[in-house]
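J.: The structure that follows is given in the form of structure tokens.
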Amino acid sequence: MKKAGPVLLKECSRQGRRAYLPPVSDVPPTEGEELIPSFCRRQTPLNLPELSEMEVTRHFLQLAQRSFGVDQGFYPLGSCTMKYNPKLLEELPRLPGFEDLHPLQDESDLQGALALIHYTEKVLAAITGMDAFTPQPAAGAHGELTGMLILKAALKDRGETHRNLILIPDSAHGTNPASAALAGFEVQKIPSSPDGILEPQMLKPYLSPRVAGLMLTNPNTLGLFEKNILTVTRMIHEIGGEVYYDGANLNAIMGWARPGDMGFDLVHLNLHKTFATPHGGGGPGAGPLGVKAHLAPYLPVPRVVETEEGFKWDYHAPRSIGKVKGFWGHFAVIIKALAYLLSLGYAGLKQASADAVLAANYLQTQLKEAYKLPYDHPCMHEFVLGGLKENPAEVRTLDLAKALLDYGVHPPTVYFPLIVAEALMIEPTESVTLELLDSFVAMMKELAEKAKTEPETLKAAPYTTPVRRLNETGAARHPVLKW
Amino acid sequence: MGHPYLPLTDAERRQMEKAIGIENYADLFQVIPEEIRAKATFDLPARTEEEVKKLFHQWAALNTPASQLISFLGAGAYEHAIPAAVPYIVNQSQFITAYTPYQPELNQGLLQAFFEFQSLIADLTGMEVANASMYDGPTALAEALFLAYHVTKRKEIILLSGLNPEAVQVVRTYTANLPVTIHPLPFTEDDPQEQLEAVLNEGTAAVIIQYPDFYGRLTLSPELVAAVKASGALAIVYINDPVCLGLLEPPGAFGADLVVGEAQALGLPLSFGGPYLGFFTAKKEYLRHMPGRLVGKTTDLDGRDGFVLTLQTREQHIRREKATSNICSNQALCALTATVYLSLLGPAGLQEVALSTVRNSHYLYNQLTRIPGVRGLSSQPFFHEFVIGLSRPPAVFTRRLREKGFIPGYKLPPESGRGQDAYLFYTSELRTKTEMDRFCEEIERCIQ
């Protein structure tokens with residue numbers, strides 16, 4: 001008999017079972033229900049599971065066993081920077097002085113929190129070469145949206161609302177065009193050169209008075225540094241545009257290069273990628289946004305300011321775009337990121353990027369014998385393979401990814417960037433040992449061999465996971481989204 | 001350098017350089033123009049774990065958290081008891097350190113937890129579908145307005161009075177470049193339905209009603225929802241403390257089109273405002289317009305049940321500029337937290353928390369309004385929060401009470417239309433009669 005998976009919470013519910021007794025109000029009895037007008041008193045049964053604490057614990061710990069994080073094994077997921085999450089980071093936000101702080105308490109009760117945010121903004125500005133930061137955005141895409149809204153506001157101020165076009169390379173993350181569109185811009189796709197980077201002469205035909213700006217990640221999603229970056233940013237500035245830096249790939253260049261010095265005007269950071277805060281199965285992340293001085297007046301309110309009477313919230317910013325999020329941002333995530341930055345310091349961050357780049361190049365060198373490498377240059381922190389070199393049985397990248405699951409490795413990002421067919425995007429990060437890299441190379445080579453000798457085995461992989469390949473088409477055609 | 005976060009040794013680095021065919025890893029950075037590299041230094045010393053800890057303990061010590069005081073502060077962030085099993089379960093490393101479950105075979109556990117979250121939230125709100133989370137309540141509401149605008153092709157959004165001011169501000173920011181008008185209705189003690197019906201028109205895309213509202217009032221009714229829908233607009237209900245749904249009829253039962261909000265109250269600490277948990281629920285007809293991730297149930301090759309991310313063609317990584325939203329990272333771990341919280345509380349637990357909250361708030365309201373100089377400003381039915389007015393300059397009041405160890409609620413700004421001296425009070429199940437009596441005594445002393 002196959003081991004059955006955990007049942008749904010609802011299915012183990014038994015009437016009358018309790019897992020928790022909350023505090024009970026000790027005021028003189030008034031019937032609570034009578035305090036609520038009859039039209040909005042609950043009539044619909046409250047359909048929650050009834051379980052003991054033991055059952056709840058076992059249920060979720062079984063789910064944990066059927067999940068896979070960085071603590072469980074290698075996670076070379078391109079563009080996601082799945083580095084190790086140091087355990088110190090988990091401990092700090094749980095200090096009562098942080099965790100039990102209400103966001104609307106009086107400033108006099110918040111001096112430590114405000115000082116911490118203020119200091120983090122300064123450190124982020126130093127790392128990126130920007131002038132001012134907001135901690136408010138909740139994630140990378142949210143930082144992008146904030147940046148695009150700032151750009152819209154600035155254009156409105158300058159009387160340049162005719163500038164409604166954002167240029168985005170075809171290798172960009174999907175969030176870039178989505179964020180620009182959400183802020184009300186039109187998106188113009190820019191083709192990459194045969195070398196995989198943005199060539200000034202290929203950009204030129206797209207420059208027009210309608211251009212509001214360019215969004216770019218550097219290194220780009222092929223893992224290649226945009227070496228023409230100074231020319232590119234100058235070209236955009238010359239026609240009156242602004243340049244946005246998608247910080248998803250900052251892990252390649254910490255301490256080696258700063259977006260501010262490349263000519264970028266706006267920069268978001270993914271604290272959950274670059275600064276080791278855990279991804280939590282998809283979030284919460286944090287996407288602070290930095291800008292050059294000329295855009296600082298548009299940053300979301302409130303900003304933390306240092307005054308003679310201590311730190312204060314400053315809401316006085318007539319040109320601000322307003323708030324992009326309830327309260328002040330993902331404070332607990334910001335604490336973790338700052339702890340990471342303070343632990344490594346400048347030299348450590350620089351070495352972290354060096355190690356990440358070294359590891360990626362090491363893998364690229366070893367893997368390009370058996371796999372296609374459409375852009376064969378030294379890479380930065382990641383590189384993109386284009387499927388198998390010798391592939392008579394047409395084993396697909398998806399098959400390779402699924403086969404890797406049986407080795408206990410999280411597969412690389414697949415089918416992204418869109419400009420590489422059968423893409424396998426590999427980002428080892430600096431959290432590696434040489435043995436780990438060598439074992440990954442051995443697995444990948446073994447898979448390339450198997451693709452020739454036993455392709456059918458790969459096409460039906462995985463075999464050892466709790467479930468085998470799932471019917472995704474059926475899931476989308478007949479959506480079952482709740483019990 | 002040897003650092004705990006950097007596993008490679010110098011010997012390994014040399015070996016790797018050799019294999020790549022370079023002299024030194026610095027060669028790999030030569031592609032960056034020299035004038036950029038030259039500027040990249042900044043001053044930040046490395047620190048040991050103990051040194052870092054010490055710094056953070058010092059920052060934490062400069063704060064006075066609500067837990068060290070007796071707090072009557074809610075106004076959008078709600079202190080509730082958090083069962084010990086919540087952090088224990090959520091802090092499993094597989095949950096914390098996983099990425100978005102793009103490889104479903106490897107992450108069935110997370111996917112099942114998100115499916116359970118969707119189910120619990122949909123049931124709690126009485127709605128047909130829920131997504132796997134949004135950043136927070138205000139951004140969830142902003143995205144709900146986008147949906148309403150795209151679905152109805154109409155351009156006016158009406159906000160009933162009593163919508164969380166943080167949500168109002170975020171909605172304004174998000175919609176700044178859309179051809180829509182935000183029409184907030186002024187505060188009224190009268191029937192909100194009359195006020196609404198006077199302004200509803202064929203250009204109204206959506207009406208937003210908070211339940212209970214920012215002042216704790218219960219203004220949502222089936223008739224109100226029916227009036228909105230009769231106009232062809234979407235009825236969007238915003239919930240800021242879903243614990244209340246332990247005793248309140250879910251908005252889905254009133255016919256709401258979208259129910260969105262903030263679920264921090266379901267097991268998440270105050271944490272100075274974040275990360276919190278946005279949720280987004282809808283009638284099925286709006287499914288393909290919804291933002292965010294959705295987990296669906298399906299089967300594997302062997303016919304076993306399993307879970308996958310589904311309907312991804314709505315999302316940015318497929319649809320790019322035509323996506324329903326730009327959201328990518330969401331609040332997965334916070335959604336897991338709420339799932340664990342609701343599983344532990346169960347129906348009886350959630351009802352008890354809601355009941356204690358509502359009893360405490362009414363007890364405190366009654367005690368306070370007996371004090372000469374205190375005016376009760378919550379004449380309509382309220383739930384967990386209420387408004388009082390004071391005949392004492394607010395600054396003095398706040399300072400005096402804080403000196404005695406209380407956080408005396410939230411001072412409502414004059415633009416709320418509730419007067420110059422109005423305070424919003426919240427009483428969770430954590431407050432005791434003794435604490436509330438002492439609070440009333442201090443207020444009495446302070447006012448006289």
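Ligands are numbered from 1 in the order shown, residues from 1 within each chain, and chains are lettered A, B, ... in the order they appear in the structure tokens.
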For the strand (DSSP E or B) assignment from backbone DSSP, which residues of stretch 196-401 of chain A qualify? Please present them as a ChimeraX atom specification.

T.: /A:211-216,242-246,266-268,289-291,303-307,310-314,371,383-385,388

J.: Report as a PDB file with C-alpha atoms, in the first residue's frame all protein, DNA and RNA residues lying within 12 Å of A:Asp376, evaluated on only C-alpha atoms, omitting residues in the same chain fewer than 5 positions from it.

T.:
ATOM      1  CA  PRO A 194      22.986  38.364 -30.073  1.00  0.00           C
ATOM      2  CA  ASP A 195      25.390  38.699 -27.131  1.00  0.00           C
ATOM      3  CA  GLY A 196      22.484  38.729 -24.710  1.00  0.00           C
ATOM      4  CA  LEU A 222      20.975  35.784 -18.497  1.00  0.00           C
ATOM      5  CA  GLY A 223      23.500  36.497 -15.750  1.00  0.00           C
ATOM      6  CA  LEU A 224      25.420  38.892 -17.995  1.00  0.00           C
ATOM      7  CA  ASN A 361      31.110  30.292 -13.394  1.00  0.00           C
ATOM      8  CA  GLN A 364      28.822  26.961 -16.162  1.00  0.00           C
ATOM      9  CA  THR A 365      32.293  25.734 -17.119  1.00  0.00           C
ATOM     10  CA  LEU A 367      28.007  21.986 -17.507  1.00  0.00           C
ATOM     11  CA  LYS A 368      28.518  23.523 -20.930  1.00  0.00           C
ATOM     12  CA  GLU A 369      30.038  20.283 -22.257  1.00  0.00           C
ATOM     13  CA  TYR A 371      24.289  21.327 -22.156  1.00  0.00           C
ATOM     14  CA  PHE A 383      23.666  31.533 -16.153  1.00  0.00           C
ATOM     15  CA  VAL A 384      21.103  30.080 -18.513  1.00  0.00           C
ATOM     16  CA  LEU A 385      21.434  26.739 -20.267  1.00  0.00           C
ATOM     17  CA  GLY A 386      19.298  25.912 -23.280  1.00  0.00           C
TER      18      GLY A 386
END

J.: How far is it from atom CA of A:Gly474 to atom CA of B:His317, in Å with one decimal?

T.: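 Calculated distance between atom CA of A:Gly474 and atom CA of B:His317 is 20.3 Å.
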
J.: Please identify all polymer residues within 10 Å of B:Cys446, counting only C-alpha atoms, omitting same-chain residues fewer than 2 positions from it, and present them as a list of chain:residue names.

T.: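 The residues that qualify are B:Arg392, B:Val396, B:Phe397, B:Thr398, B:Arg400, B:Leu401, B:Cys440, B:Glu441, B:Glu442, B:Ile443, B:Glu444, B:Gln448.
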
J.: Which distance in Å separates atom CA of A:Glu394 and atom CA of A:Glu382, to one decimal?

T.: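 Distance reported for this atom pair: 25.1 Å.
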
J.: What does the distance from atom CA of A:Gln366 to atom CA of A:Ala393 come to in Å, to one decimal?

T.: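 Spanning atom CA of A:Gln366 to atom CA of A:Ala393 is a straight-line distance of 22.9 Å.
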
J.: Using only C-alpha atoms, determine which residues lie at most 8 Å from B:Gln312, disregarding the query and same-chain residues fewer than 5 positions distant; provide the list as a ChimeraX atom specification.

T.: /B:293-294,318

J.: Please identify all polymer residues within 9 Å of B:Ala226, counting only C-alpha atoms, omitting same-chain residues fewer than 5 positions from it, and present them as an MDAnalysis selection string.

T.: chainID B and resid 221 231 235 254:256
